[in-house]
Structure formats: structure tokens, C-alpha cells
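Read through the structure below, which is laid out as C-alpha cells, and then see the notes.
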Amino acid sequence: MAWTRDEMAARAAKELRDGFYVNLGIGIPTLVANYIPAGMHVTLQSENGMLGMGPFPFEGEEDADLINAGKQTITELPYSSYFSSADSFAMIRGGHIDLSVLGAMQVAANGDLANWMIPGKMVKGMGGAMDLVAGVKKVVVVMEHCAVDKKTGALEPKLLKACNLPLTGTRVVDLVVTDLGVFSIDKHGHGKPTLIELAPGVTLEEIKSKTEAEFDVAESLFAA
Amino acid sequence: MAWTRDEMAARAAKELRDGFYVNLGIGIPTLVANYIPAGMHVTLQSENGMLGMGPFPFEGEEDADLINAGKQTITELPYSSYFSSADSFAMIRGGHIDLSVLGAMQVAANGDLANWMIPGKMVKGMGGAMDLVAGVKKVVVVMEHCAVDKKTGALEPKLLKACNLPLTGTRVVDLVVTDLGVFSIDKHGHGKPTLIELAPGVTLEEIKSKTEAEFDVAESLFAA
Amino acid sequence: MSKKVYPDAVAALAGVLRDDMTIMAGGFGLCGIPENLIAAIKLSGVKGLTVISNNAGVDGFGLGQLLETKQVAKMVSSYVGENKLFAQQYLSGELELEFNPQGTLAERIRAGGAGIPAFFTKTGVGTLVAEGKELRQFDGETYVMESWLRADLAIVKAWKGDTEGNLIYRKTARNFNPMMAMAGKITVAEVEQLVNVGTIDPDHVHTPGIFVQRIIEGSHEKRIEQRTTRKRD
Amino acid sequence: MSKKVYPDAVAALAGVLRDDMTIMAGGFGLCGIPENLIAAIKLSGVKGLTVISNNAGVDGFGLGQLLETKQVAKMVSSYVGENKLFAQQYLSGELELEFNPQGTLAERIRAGGAGIPAFFTKTGVGTLVAEGKELRQFDGETYVMESWLRADLAIVKAWKGDTEGNLIYRKTARNFNPMMAMAGKITVAEVEQLVNVGTIDPDHVHTPGIFVQRIIEGSHEKRIEQRTTRKRD
């Protein structure tokens, strides 16, 4: 049985470590905040200029001056700090953020990432995604394993030999969490991705059939 | 009769305009602050990270955390602000300071300035001088017209055809105030400096004999 | 009254606006945008503007208002997803668009204010963003050269400002405002509270007054784009 | 107690110091220098240091102490005029020296923290500082390319800091400290007052805690270099 969105977020949350500074993208990545283990201290960065992002406000307590990068109203924490966009991206570009979790349209075997543009469609812009993948120490992608063609209903693999959409970054992804399993990426080398986990009930055959990229399978999976 | 240090400072102060942001160097330039006309609002910048520099503190009220670029204890004003060295020089380099007044060892006819290094002597460093002359909108040099050779007592002109000391900046000086007179510099062009004022009692012959650079004489001086 | 203080947005922009000029406008989404100054630009009817702003407002609010009146010829932004009119004008060729990664945009603006004509960044290497730009290796990694951005006019929004133009921002409404204040030939600030000098602690100033040539106090709608809340337990 | 808080300077530098490392030290003159951490480096006996600091202290105080013990192999500074021992060691060839214009030094350090390997500046063009460096024209003016500076360790001094490493500086004691905090692989901060989280207003934080790995509270002599005063009327 494939993982739900929440289960995918929970799996991504296993990459967190005590003391980490983390940037979470919009969508499933945002859910990762719900799975920070009790007792673990993780500080969330919002690239519009905040460290120490708190939960959504109680109704009636929204503050127009306090939003996250998804433009949602949020709250502050006792250890929060605010800064300008230049300082925020100095932090990101300078390699001070430990982990970024974000969504993707496509990931290639070498860690290339496409998540901002579909040619021919109206383009909304890359926002901070290119800066995040270029600057953050570790990049985790959380995405559905396949896209569904809206016309034909056909499944289109998203973990590819090479991306065919315009890139957000080259050789930037370290780990891919999908609803079917988890792949580690050899972004600095020439090795294939390695399937290191399977969602419960998902077979190797199923995931192979739904993946365009060639990949190795971790020994631990054979043992299981 | 040649101008005193205070008279030189007072002459430099005539370059101030209401609303100016100004950086004053160490020595005679510091005295310029004493000649800001009453009713004129001038904000002094200190490149170690302050706008709105106030006068020296009263005895017993010195604050070790509040110094100017000459490391002297100073005070703040109601409209002061503090910032980092990076922000301070962003301000300077970015062309936001209207006027800088500083001392010099040598100035050349084209506006080249040497004021930081005598080869063979112990070198103290350029501090912020190179940034100031490169970034500030208008640069006024205040200096003795000649140096005195300590061994021979001979007078050595400081306004030269070309500097022979290592430069602080090329084509950066707009105006030179000495104890003998005032020269405007055509730093963006190929014209000679123009003598625009003479200290009282100083003759054209005297200033010519003490100046290596060729210079024009403003018509207003003939009229006088 | 200080010479920097103007009675309202229209007065503060008098003599500054002209067709085809480049304007930087602070804010992220609708957070920290100079509402009054945008309204005054709309009122002025000035046309052919190049607007540098992280976003383009929403339909009918923020910079969206200047799209309605077709005053904008070109936007330099990182994300314009919340604006249907924008899409329409862009697809019909009425509006030019230059996308910058958000961090590159922020740094280009800072560079403009700081006198740095170009710098190198890893962001965008190997993507459309780097096409036609100089690439260079440093310590074995590839970087792309990006140039500064400056503007004829910067309009920014702060929480408090004093009569000398010292500004402090509130929470995430700071965003692009401090850099834009540095990068405008003329910078006009609007604040929620205009205070006397001596009110703001000099250690708390975010934008020193040197960067602000004109300042007004205004009232602000401060519309919320995505009102997200949680339930009380 | 937060994991960032250490009992004293010696403890905070344990496991961090090694011979021949590069250390950035905050401060301008004797203003805003990390007195306790400098003393702990002296105590450690670590040698062959490259020290990046605007100044070199004075004889017997500040970084001057590390010159006495000959622990410094190279200084990167903009001005070292107040230190006789420095002159002696430099002229005898014991000490290497790299002068940077103060603004270039500050910007190189910021670039190191901000992931910018190189940038262009007008400062120093046509002088010794630009020799051997790449020159380039932008908009008809000549600029020189300068590279980033980073350090194995940055030691900084703030006024207040909380247990998460959020720092605020006081008056002109801010100077080089914020950029150095960004540019150190490890940054250790010493503060006059260590406070609990929630004490510092998030809008007033100068250095966000992400840049500070270790923090101590210390007492500070805060020696004044040039005591200048005026008479009461």
C-alpha cells in the first residue's frame, strides 16, 4: 500500500537531526513540521525573512505582517528572529541551512531537479527554489512517484534518466521520498540512484515499472 | 598670511550643504565639524558604523562601545543610527555619502591621491580611505601646501604633476584646500587644476613657487 | 518639520514620476507593500514603467492595480502566481517579464545599493536563468555572474519612521524593503507611525535615514493573502 | 540549558582550535573585541594562526596578546597602526601581513558568509591593492574583482545573546562582528549578558542564532583607546 501524504512527510522528517535549521517548501513538505520528534529541537526558516517559524495563529489572531513563504499567516516563537530578504538568502546561499524539503515535477538520476516551469503553460516563477537547492546542505524531494496525464489518465514517471522540463538546479537532490519508496541520489558521482526503502506492500516490480531512471536496490531491501 | 588649521577647516566647511551626509577624516578634517553653519543640518558618518556622530562626551561619560573611526570616544544624537561595517561601506561604496573631507600626503593634477603609505617606512594600512575616495560623491582634501623635509628643512610641494607615493585612488579629488589657497580639480577631464582662492596675503608668485603641478588661475582672482 | 516629511503620497511623489522610469517596490506578496505610494502612482497615470518587485500583487490590490491601468511595461520578479490579469497581459505580449530567483533578485538589489556592479552565485547554474551569462569556476564549483539592479525610484513600507528617515520594519513585512531603500536614486518611504527623532533606539534602526529622501505617514489596509489558522484546543 | 551555551571561553573553544587555522576576530580597534575568547586562544598555545581582523589590538591588549606569544603567522587587516610589537615582527619577517581596504575587507567577509565567491568594487582600482587582480569595465567605469573570505573559526563579541545564539550588539561595538559570525565554519560568541529565549525582540536581533554555534557569557574590561572628552560649560 502506497504511503499517504502524511506518511511521506513523516518519512522525510526522519532526515531531521537535533539542532537542524530547516526550510520546508509548500505542499507535502509543509506537513513535515508535524512530524518533528518530541524533544528534538528543529528551527524552521521561512525564506521571506524569518527563523523560528511557529504554527498557524488561532482564529482572530492573524497578523498581516507575519506570513511564511507560502503567504500563509503564521506565528512567532520565543527564539524567532526576522531579517531582510537579502540576509535570508545570504543564509541560504551561504550554506547555513541544514536541510530543505521540497516538491518536484521531475528528478533525474544524477540529482537534477525540475519543479518550476512547464513550457507553454503560464509560468509563475521560481520564487526561492533555485536559491534553496543551490545553497542548502541537504535537499530532500517529496513527490508522488508518478504524475497522471489529465487527458489520458496514463501514469508518467517522475524519477527520470534525465529531466525534460527546464531545471531548477543541476545535481542538487540528495534523497527522493515518493508514495512508493525512498531513493538516495549520488549527486556528486556517477552512480545510479539507490532504492533504500519500499512503502509497505509495494513490490520491487511495481516501483521498477513506474520509474524511468535505472536504479540500484539497497541490500537491506533484499534482506527484508 | 597663510591660513591656520582652523581656517582651512572653515574653508572646507563651505562645501557643506543643508541635508548633506558627510564623512570627516582624522586631523584637520575633524575640525570641519566645528564650522557647520548654524541652522544647516549636516549628518556625520563614522565608517566604523554610525550615522549622526555627536561631539566628544563630557568627562566621566565616555562609553567604550561608542567611538569614531579615529577610535576617539564620541556621543550619539537623537537621530543617530548604528550598523555593521559591511552596511557602512555599502553606504560609502554605493555613493550615498555626499562629501568626504580628508588629509593627503600628495595630490596630483588629475585628482590622484596618495595618503596612506610611504615605502620603506612602517606601513599602518589604508583603513577606510580607499573606499571613501572611490565611493563618496565629492572628495575634498585639506592639507598643508608643502611638506617639510625633516633633515634639510626644505619645502616639498604636495600638489604635483603626478604622485610618486603609492596611490589611495586615481582621479578622486575634487577640491584641495591648503594653507595657501584652494584648487578645484578636473578629475574627469584633462584640464589643469584651477586656483580659485588665495589665502590673505599669499601672492600668486608664492603659491606658484610652492606648487609642482601646473595650474590655471580663476578669473575672479585677477579681479580681486 | 523635517525637510524629508511630506503630507501624503501624492505630494511625496511630485516631481519624481515620469514615463518609462524604473521603480522598485518593496513587499513580499501583499506583506509590507507601500499601499499609499502605489495608489499615488496609479493616480498619476505615469506609463511604461519597469517595476522591480518580488511579486506583482493580486488582482485589484497592490501592484495589481497598476496592471489594470496598463501602466507597467515590464516586471522583474521571482514569482507572479497570484495574479490573473498579469498572466493575461503577459500572454498577450503587453507585458514583459524577467524572472529572477528570489535570492538573486534580493542580492542584485543589495549590490545596486552597495556599489557592486556584479557578483557570482551558484543559484541558477545549469538552468535557463544562467543562459547567456558568464560562468566561472571558484574552488572547483561553477558560479554564474549576476549584475546589480538600481532604480530611478524606490518605494518602501516600514512600520515606524522618524522625521530623519530612520526606519524600522515589523516582522516579515521587512523582506525586500531595506535593500530597495538602498538601491533607489530617490527613495520614498511610507510608515504606519511617523515619530520624532529620538523615539527610535539607534541600535534598532533597520534602514538608516541616509537612504530615505522623502517620508509620509499613511493608513494601511494590510490585506491578508492566505488566512490560515488553527483551532483552539 | 541550550546545547549552544558553554561555561567559559576555554570550554567553548575545546576541540575547535588547531595550529595553522584561520580565525576571524570581531572588533574595531579595541571596541567590540572578544576579550575572553582571545585570552583563551592565548592560553591554548595554538600557533601559526592566520587572523582576519580589521586591527591588531594594541601592545598587551586584544590581539596584541597573541603577537606577544608569536601565535600569529599572518594578519589580514585594514589598519595596524597602534601596535609597536606588530611593526617589529612584521619588519623582521616573522609576521605576514595582507592589507585590505576596510570596506573591501568587510564585504569580502560578508561574501564569505553569503556564498558569493567574488564581487566587483571600485575601491582600490589603480592602486597596489588591485595589482594582479582582474579588472573589468561596467557602465564605463573600472572595477576590480575581490574574492570572499571565510574562516575555520570566527570569534565575535555581542552585548546580549540568548541561549539559541541570537545576538544584539551595542552602538559602534557592532562593526565587523555580524559578518564574521556569518563567515566562520564555527562561530563562537561571547556576550556581556546571556539571556533566555524570549527576552530579545525578534525584530531587534542583529545576528540570528543560526550563525552562532557556541556562546558564553563573560566579563569585559572594554578598554578605551583614545579617551576624548569635552568640558562642561
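We name chains A, B, ... following the order of the C-alpha cells; residues begin at 1 in each chain, and ligands are numbered from 1 as shown.
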Using only C-alpha atoms, determine which residues lie at most 8 Å from B:Asp186, disregarding the query and same-chain residues fewer than 4 positions distant; provide the list as an NGL selection string. :B and (110-111 or 174 or 190-193)
Based on the selection just made, write N, CA, C and O atoms of those residues as an mmCIF file, in the first residue's frame.
data_model
loop_
_atom_site.group_PDB
_atom_site.id
_atom_site.type_symbol
_atom_site.label_atom_id
_atom_site.label_comp_id
_atom_site.auth_asym_id
_atom_site.auth_seq_id
_atom_site.Cartn_x
_atom_site.Cartn_y
_atom_site.Cartn_z
ATOM 1 N N ASN B 110 45.599 65.532 -11.807
ATOM 2 C CA ASN B 110 44.422 64.837 -12.337
ATOM 3 C C ASN B 110 43.496 64.312 -11.233
ATOM 4 O O ASN B 110 42.547 63.598 -11.506
ATOM 5 N N GLY B 111 43.815 64.615 -9.977
ATOM 6 C CA GLY B 111 42.971 64.155 -8.880
ATOM 7 C C GLY B 111 43.450 62.884 -8.215
ATOM 8 O O GLY B 111 42.812 62.399 -7.277
ATOM 9 N N ASP B 174 38.236 66.256 -5.778
ATOM 10 C CA ASP B 174 37.505 67.334 -6.440
ATOM 11 C C ASP B 174 38.032 68.709 -6.072
ATOM 12 O O ASP B 174 37.951 69.640 -6.869
ATOM 13 N N HIS B 190 40.778 66.479 -18.717
ATOM 14 C CA HIS B 190 42.221 66.586 -18.916
ATOM 15 C C HIS B 190 42.729 67.993 -18.646
ATOM 16 O O HIS B 190 43.850 68.335 -18.990
ATOM 17 N N GLY B 191 41.857 68.812 -18.051
ATOM 18 C CA GLY B 191 42.267 70.172 -17.743
ATOM 19 C C GLY B 191 43.201 70.215 -16.545
ATOM 20 O O GLY B 191 43.352 69.253 -15.800
ATOM 21 N N LYS B 192 43.849 71.369 -16.374
ATOM 22 C CA LYS B 192 44.713 71.570 -15.199
ATOM 23 C C LYS B 192 43.847 71.902 -13.986
ATOM 24 O O LYS B 192 42.702 72.342 -14.140
ATOM 25 N N PRO B 193 44.433 71.777 -12.799
ATOM 26 C CA PRO B 193 43.745 72.314 -11.610
ATOM 27 C C PRO B 193 43.571 73.818 -11.776
ATOM 28 O O PRO B 193 44.342 74.456 -12.508
#
If you take only C-alpha atoms and a cut-off of 7 Å, which residues of chain C touch chain B, and what are their nearest atom pairs and distances in Å to one decimal, in chain and number order, as CSV?
residue,atom,partner,partner_atom,distance
C:Gly113,CA,B:Gly94,CA,5.3
C:Ala114,CA,B:Ala90,CA,4.0
C:Gly115,CA,B:Gly94,CA,3.8
C:Glu164,CA,B:Tyr79,CA,6.7
C:Val197,CA,B:Tyr79,CA,5.1
C:Gly198,CA,B:Pro78,CA,4.1
C:Pro202,CA,B:Ser81,CA,4.2
C:Asp203,CA,B:Tyr82,CA,5.5
C:Val205,CA,B:Ser81,CA,6.0
C:Pro208,CA,B:Ser81,CA,6.1
Please produce, as a Markdown table, a per-residue contact table for chain D versus chain C (criterion: any atom at most 12 Å away, only C-alpha atoms considered), showing the nearest atom pair and its distance in Å to one decimal, sorted by chain then residue number.
| residue | atom | partner | partner_atom | distance |
| --- | --- | --- | --- | --- |
| D:Gly103 | CA | C:Ala114 | CA | 10.5 |
| D:Thr104 | CA | C:Ile116 | CA | 10.8 |
| D:Ala106 | CA | C:Ala114 | CA | 12.0 |
| D:Glu107 | CA | C:Ala114 | CA | 9.6 |
| D:Arg108 | CA | C:Phe119 | CA | 11.4 |
| D:Arg110 | CA | C:Glu107 | CA | 11.9 |
| D:Ala111 | CA | C:Phe119 | CA | 9.3 |
| D:Gly112 | CA | C:Thr121 | CA | 11.5 |
| D:Ala114 | CA | C:Thr121 | CA | 9.3 |
| D:Gly115 | CA | C:Thr121 | CA | 6.9 |
| D:Ile116 | CA | C:Thr121 | CA | 5.5 |
| D:Pro117 | CA | C:Phe120 | CA | 6.2 |
| D:Ala118 | CA | C:Phe120 | CA | 5.7 |
| D:Phe119 | CA | C:Phe119 | CA | 4.2 |
| D:Phe120 | CA | C:Ile116 | CA | 5.6 |
| D:Thr121 | CA | C:Ile116 | CA | 5.5 |
| D:Lys122 | CA | C:Gly115 | CA | 7.9 |
| D:Thr123 | CA | C:Gly115 | CA | 9.7 |
| D:Arg136 | CA | C:Pro117 | CA | 10.1 |
| D:Gln137 | CA | C:Pro117 | CA | 9.4 |
| D:Phe138 | CA | C:Pro117 | CA | 6.7 |
| D:Asp139 | CA | C:Pro117 | CA | 8.8 |
| D:Gly140 | CA | C:Pro117 | CA | 11.4 |
| D:Glu141 | CA | C:Pro117 | CA | 10.0 |
| D:Thr142 | CA | C:Pro117 | CA | 10.2 |
| D:Tyr143 | CA | C:Pro117 | CA | 8.3 |
| D:Val144 | CA | C:Ile116 | CA | 10.1 |
| D:Met145 | CA | C:Phe119 | CA | 8.9 |
| D:Glu146 | CA | C:Phe119 | CA | 9.5 |
| D:Ser147 | CA | C:Phe138 | CA | 9.4 |
| D:Trp148 | CA | C:Phe138 | CA | 10.3 |
| D:Trp159 | CA | C:Asp203 | CA | 11.2 |
| D:Ile168 | CA | C:Asp203 | CA | 8.6 |
| D:Tyr169 | CA | C:Asp203 | CA | 7.7 |
| D:Arg170 | CA | C:Asp203 | CA | 6.6 |
| D:Lys171 | CA | C:Asp203 | CA | 6.2 |
| D:Thr172 | CA | C:Asp203 | CA | 9.1 |
| D:Ala173 | CA | C:Asp203 | CA | 10.6 |
| D:Arg174 | CA | C:Asp203 | CA | 9.3 |
| D:Ile200 | CA | C:His204 | CA | 11.6 |
| D:Asp201 | CA | C:Lys171 | CA | 10.0 |
| D:Pro202 | CA | C:Lys171 | CA | 7.6 |
| D:Asp203 | CA | C:Lys171 | CA | 6.2 |
| D:His204 | CA | C:His204 | CA | 5.8 |
| D:Val205 | CA | C:His204 | CA | 8.6 |
| D:His206 | CA | C:His204 | CA | 8.8 |
From a backbone DSSP assignment, name each residue in stretch 54-230 of chain D labelled alpha helix (DSSP H), as number ranges by chain. D: 64-68, 84-91, 102-114, 177-183
Just N, CA, C and O atoms for this one: save the residues we selected as a CSV table (one decimal), in the first residue's frame.
chain,number,residue,atom,x,y,z
D,64,GLY,N,46.9,42.0,20.3
D,64,GLY,CA,48.3,42.3,20.7
D,64,GLY,C,48.8,41.1,21.5
D,64,GLY,O,50.0,40.8,21.4
D,65,GLN,N,48.0,40.5,22.3
D,65,GLN,CA,48.4,39.5,23.2
D,65,GLN,C,48.9,38.2,22.5
D,65,GLN,O,49.8,37.5,22.9
D,66,LEU,N,48.3,38.0,21.3
D,66,LEU,CA,48.7,36.8,20.5
D,66,LEU,C,49.9,37.1,19.7
D,66,LEU,O,50.6,36.1,19.2
D,67,LEU,N,50.3,38.4,19.6
D,67,LEU,CA,51.5,38.7,18.9
D,67,LEU,C,52.7,38.5,19.9
D,67,LEU,O,53.7,37.9,19.5
D,68,GLU,N,52.5,38.8,21.1
D,68,GLU,CA,53.5,38.6,22.2
D,68,GLU,C,54.0,37.2,22.2
D,68,GLU,O,55.1,36.9,22.4
D,84,LYS,N,53.2,48.5,18.3
D,84,LYS,CA,54.6,48.5,18.1
D,84,LYS,C,55.2,47.1,17.9
D,84,LYS,O,56.1,46.9,17.0
D,85,LEU,N,54.7,46.2,18.6
D,85,LEU,CA,55.2,44.8,18.5
D,85,LEU,C,54.9,44.2,17.1
D,85,LEU,O,55.7,43.5,16.5
D,86,PHE,N,53.7,44.7,16.6
D,86,PHE,CA,53.3,44.3,15.3
D,86,PHE,C,54.4,44.7,14.3
D,86,PHE,O,54.9,43.9,13.5
D,87,ALA,N,54.7,46.0,14.4
D,87,ALA,CA,55.7,46.6,13.4
D,87,ALA,C,57.0,45.8,13.5
D,87,ALA,O,57.6,45.4,12.5
D,88,GLN,N,57.5,45.5,14.7
D,88,GLN,CA,58.7,44.8,14.9
D,88,GLN,C,58.7,43.4,14.3
D,88,GLN,O,59.6,43.1,13.5
D,89,GLN,N,57.6,42.7,14.5
D,89,GLN,CA,57.5,41.3,14.0
D,89,GLN,C,57.4,41.3,12.5
D,89,GLN,O,57.9,40.4,11.8
D,90,TYR,N,56.7,42.4,12.0
D,90,TYR,CA,56.5,42.4,10.5
D,90,TYR,C,57.8,42.8,9.8
D,90,TYR,O,58.2,42.1,8.9
D,91,LEU,N,58.5,43.8,10.4
D,91,LEU,CA,59.8,44.2,9.7
D,91,LEU,C,60.8,43.1,9.8
D,91,LEU,O,61.7,43.0,9.0
D,102,GLN,N,39.3,48.8,4.2
D,102,GLN,CA,38.3,48.4,5.2
D,102,GLN,C,37.0,47.9,4.7
D,102,GLN,O,36.4,46.9,5.1
D,103,GLY,N,36.5,48.7,3.7
D,103,GLY,CA,35.2,48.3,3.1
D,103,GLY,C,35.3,47.0,2.3
D,103,GLY,O,34.4,46.2,2.2
D,104,THR,N,36.4,46.8,1.6
D,104,THR,CA,36.7,45.6,0.8
D,104,THR,C,36.8,44.4,1.8
D,104,THR,O,36.2,43.3,1.6
D,105,LEU,N,37.5,44.6,2.9
D,105,LEU,CA,37.6,43.6,3.9
D,105,LEU,C,36.2,43.2,4.5
D,105,LEU,O,35.8,42.0,4.5
D,106,ALA,N,35.4,44.2,4.8
D,106,ALA,CA,34.1,43.9,5.3
D,106,ALA,C,33.2,43.2,4.3
D,106,ALA,O,32.5,42.2,4.6
D,107,GLU,N,33.3,43.6,3.0
D,107,GLU,CA,32.5,43.0,2.0
D,107,GLU,C,33.0,41.6,1.7
D,107,GLU,O,32.2,40.7,1.4
D,108,ARG,N,34.3,41.4,1.7
D,108,ARG,CA,34.8,40.0,1.4
D,108,ARG,C,34.3,39.0,2.5
D,108,ARG,O,34.0,37.9,2.2
D,109,ILE,N,34.2,39.5,3.7
D,109,ILE,CA,33.8,38.7,4.8
D,109,ILE,C,32.3,38.4,4.7
D,109,ILE,O,31.8,37.3,4.8
D,110,ARG,N,31.5,39.4,4.4
D,110,ARG,CA,30.1,39.2,4.1
D,110,ARG,C,29.9,38.2,3.0
D,110,ARG,O,29.1,37.3,3.0
D,111,ALA,N,30.7,38.4,1.9
D,111,ALA,CA,30.6,37.5,0.7
D,111,ALA,C,30.9,36.0,1.2
D,111,ALA,O,30.2,35.1,0.7
D,112,GLY,N,31.8,35.9,2.0
D,112,GLY,CA,32.2,34.5,2.6
D,112,GLY,C,31.0,33.9,3.3
D,112,GLY,O,30.7,32.7,3.1
D,113,GLY,N,30.3,34.7,4.0
D,113,GLY,CA,29.1,34.2,4.7
D,113,GLY,C,27.9,34.0,3.8
D,113,GLY,O,27.0,33.2,4.1
D,114,ALA,N,27.8,34.7,2.7
D,114,ALA,CA,26.7,34.8,1.9
D,114,ALA,C,26.8,33.9,0.6
D,114,ALA,O,25.9,33.9,-0.2
D,177,ASN,N,31.6,42.4,13.7
D,177,ASN,CA,31.1,41.1,14.3
D,177,ASN,C,30.0,40.4,13.5
D,177,ASN,O,30.1,39.2,13.4
D,178,PRO,N,29.0,41.1,13.0
D,178,PRO,CA,27.9,40.4,12.3
D,178,PRO,C,28.4,39.6,11.1
D,178,PRO,O,27.9,38.5,10.9
D,179,MET,N,29.2,40.2,10.3
D,179,MET,CA,29.7,39.5,9.1
D,179,MET,C,30.5,38.3,9.4
D,179,MET,O,30.5,37.3,8.8
D,180,MET,N,31.4,38.5,10.4
D,180,MET,CA,32.3,37.4,10.8
D,180,MET,C,31.5,36.2,11.4
D,180,MET,O,31.9,35.1,11.1
D,181,ALA,N,30.4,36.5,12.1
D,181,ALA,CA,29.6,35.5,12.6
D,181,ALA,C,29.1,34.6,11.5
D,181,ALA,O,28.9,33.4,11.6
D,182,MET,N,28.8,35.2,10.3
D,182,MET,CA,28.3,34.5,9.1
D,182,MET,C,29.4,33.7,8.4
D,182,MET,O,29.1,32.8,7.7
D,183,ALA,N,30.6,34.1,8.6
D,183,ALA,CA,31.7,33.6,7.7
D,183,ALA,C,32.6,32.5,8.4
D,183,ALA,O,33.5,32.0,7.7
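With distances restricted to only C-alpha atoms, D:Gly126 is the closest residue to B:Asp112 from D:Gly93, D:Gly126, D:Gly29, D:Pro34.
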Strand (DSSP E or B) call set, DSSP backbone run, stretch 63-149 of chain C, as a PyMOL selection string: chain C and resi 72-77+96-99+118-121+135-138+141-147
How would the residues just chosen look if you wrote them out with C-alpha atoms as an mmCIF file, in the first residue's frame?
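So the final result, stored in part-v1.cif, reads:
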data_model
loop_
_atom_site.group_PDB
_atom_site.id
_atom_site.type_symbol
_atom_site.label_atom_id
_atom_site.label_comp_id
_atom_site.auth_asym_id
_atom_site.auth_seq_id
_atom_site.Cartn_x
_atom_site.Cartn_y
_atom_site.Cartn_z
ATOM 1 C CA VAL C 72 3.525 48.636 -16.289
ATOM 2 C CA ALA C 73 5.608 47.680 -19.335
ATOM 3 C CA LYS C 74 7.938 45.241 -17.617
ATOM 4 C CA MET C 75 8.158 43.355 -14.325
ATOM 5 C CA VAL C 76 11.319 41.962 -12.742
ATOM 6 C CA SER C 77 10.101 39.405 -10.187
ATOM 7 C CA GLU C 96 7.426 41.980 -20.473
ATOM 8 C CA LEU C 97 8.631 39.740 -17.675
ATOM 9 C CA GLU C 98 12.081 38.941 -16.301
ATOM 10 C CA PHE C 99 12.211 36.166 -13.732
ATOM 11 C CA ALA C 118 28.409 42.284 -10.380
ATOM 12 C CA PHE C 119 28.859 39.199 -8.202
ATOM 13 C CA PHE C 120 28.987 35.446 -8.570
ATOM 14 C CA THR C 121 26.419 32.967 -7.241
ATOM 15 C CA LEU C 135 30.112 31.239 -15.836
ATOM 16 C CA ARG C 136 33.240 30.809 -13.761
ATOM 17 C CA GLN C 137 34.832 28.212 -11.528
ATOM 18 C CA PHE C 138 35.831 29.016 -7.958
ATOM 19 C CA GLU C 141 32.460 24.753 -8.390
ATOM 20 C CA THR C 142 30.672 26.644 -11.122
ATOM 21 C CA TYR C 143 29.109 30.057 -10.483
ATOM 22 C CA VAL C 144 27.203 32.495 -12.651
ATOM 23 C CA MET C 145 27.817 36.239 -12.739
ATOM 24 C CA GLU C 146 24.820 38.423 -11.897
ATOM 25 C CA SER C 147 24.686 42.208 -12.175
#
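Shell of A:Cys163 at 9 Å, with only C-alpha atoms counted and residues fewer than 6 places along the chain excluded, is Gln106, Val107, Ala108, Ala109, Asp112, Leu113 and Ala114 of chain A.
Counting only C-alpha atoms and comparing C:Ile155, C:Ala12, C:Cys31, C:Val188, the residue that lies closest to C:Asn175 is C:Cys31.
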Who sits within 12 Å of stretch 206-215 of chain B, only C-alpha atoms, same chain under 6 positions skipped, as a PyMOL selection string: chain B and resi 1-2+106-111+144-148+154-163+178-186+190-200
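You will find atom CA of A:Asp65 at 25.4 Å from atom CA of C:Ala151.
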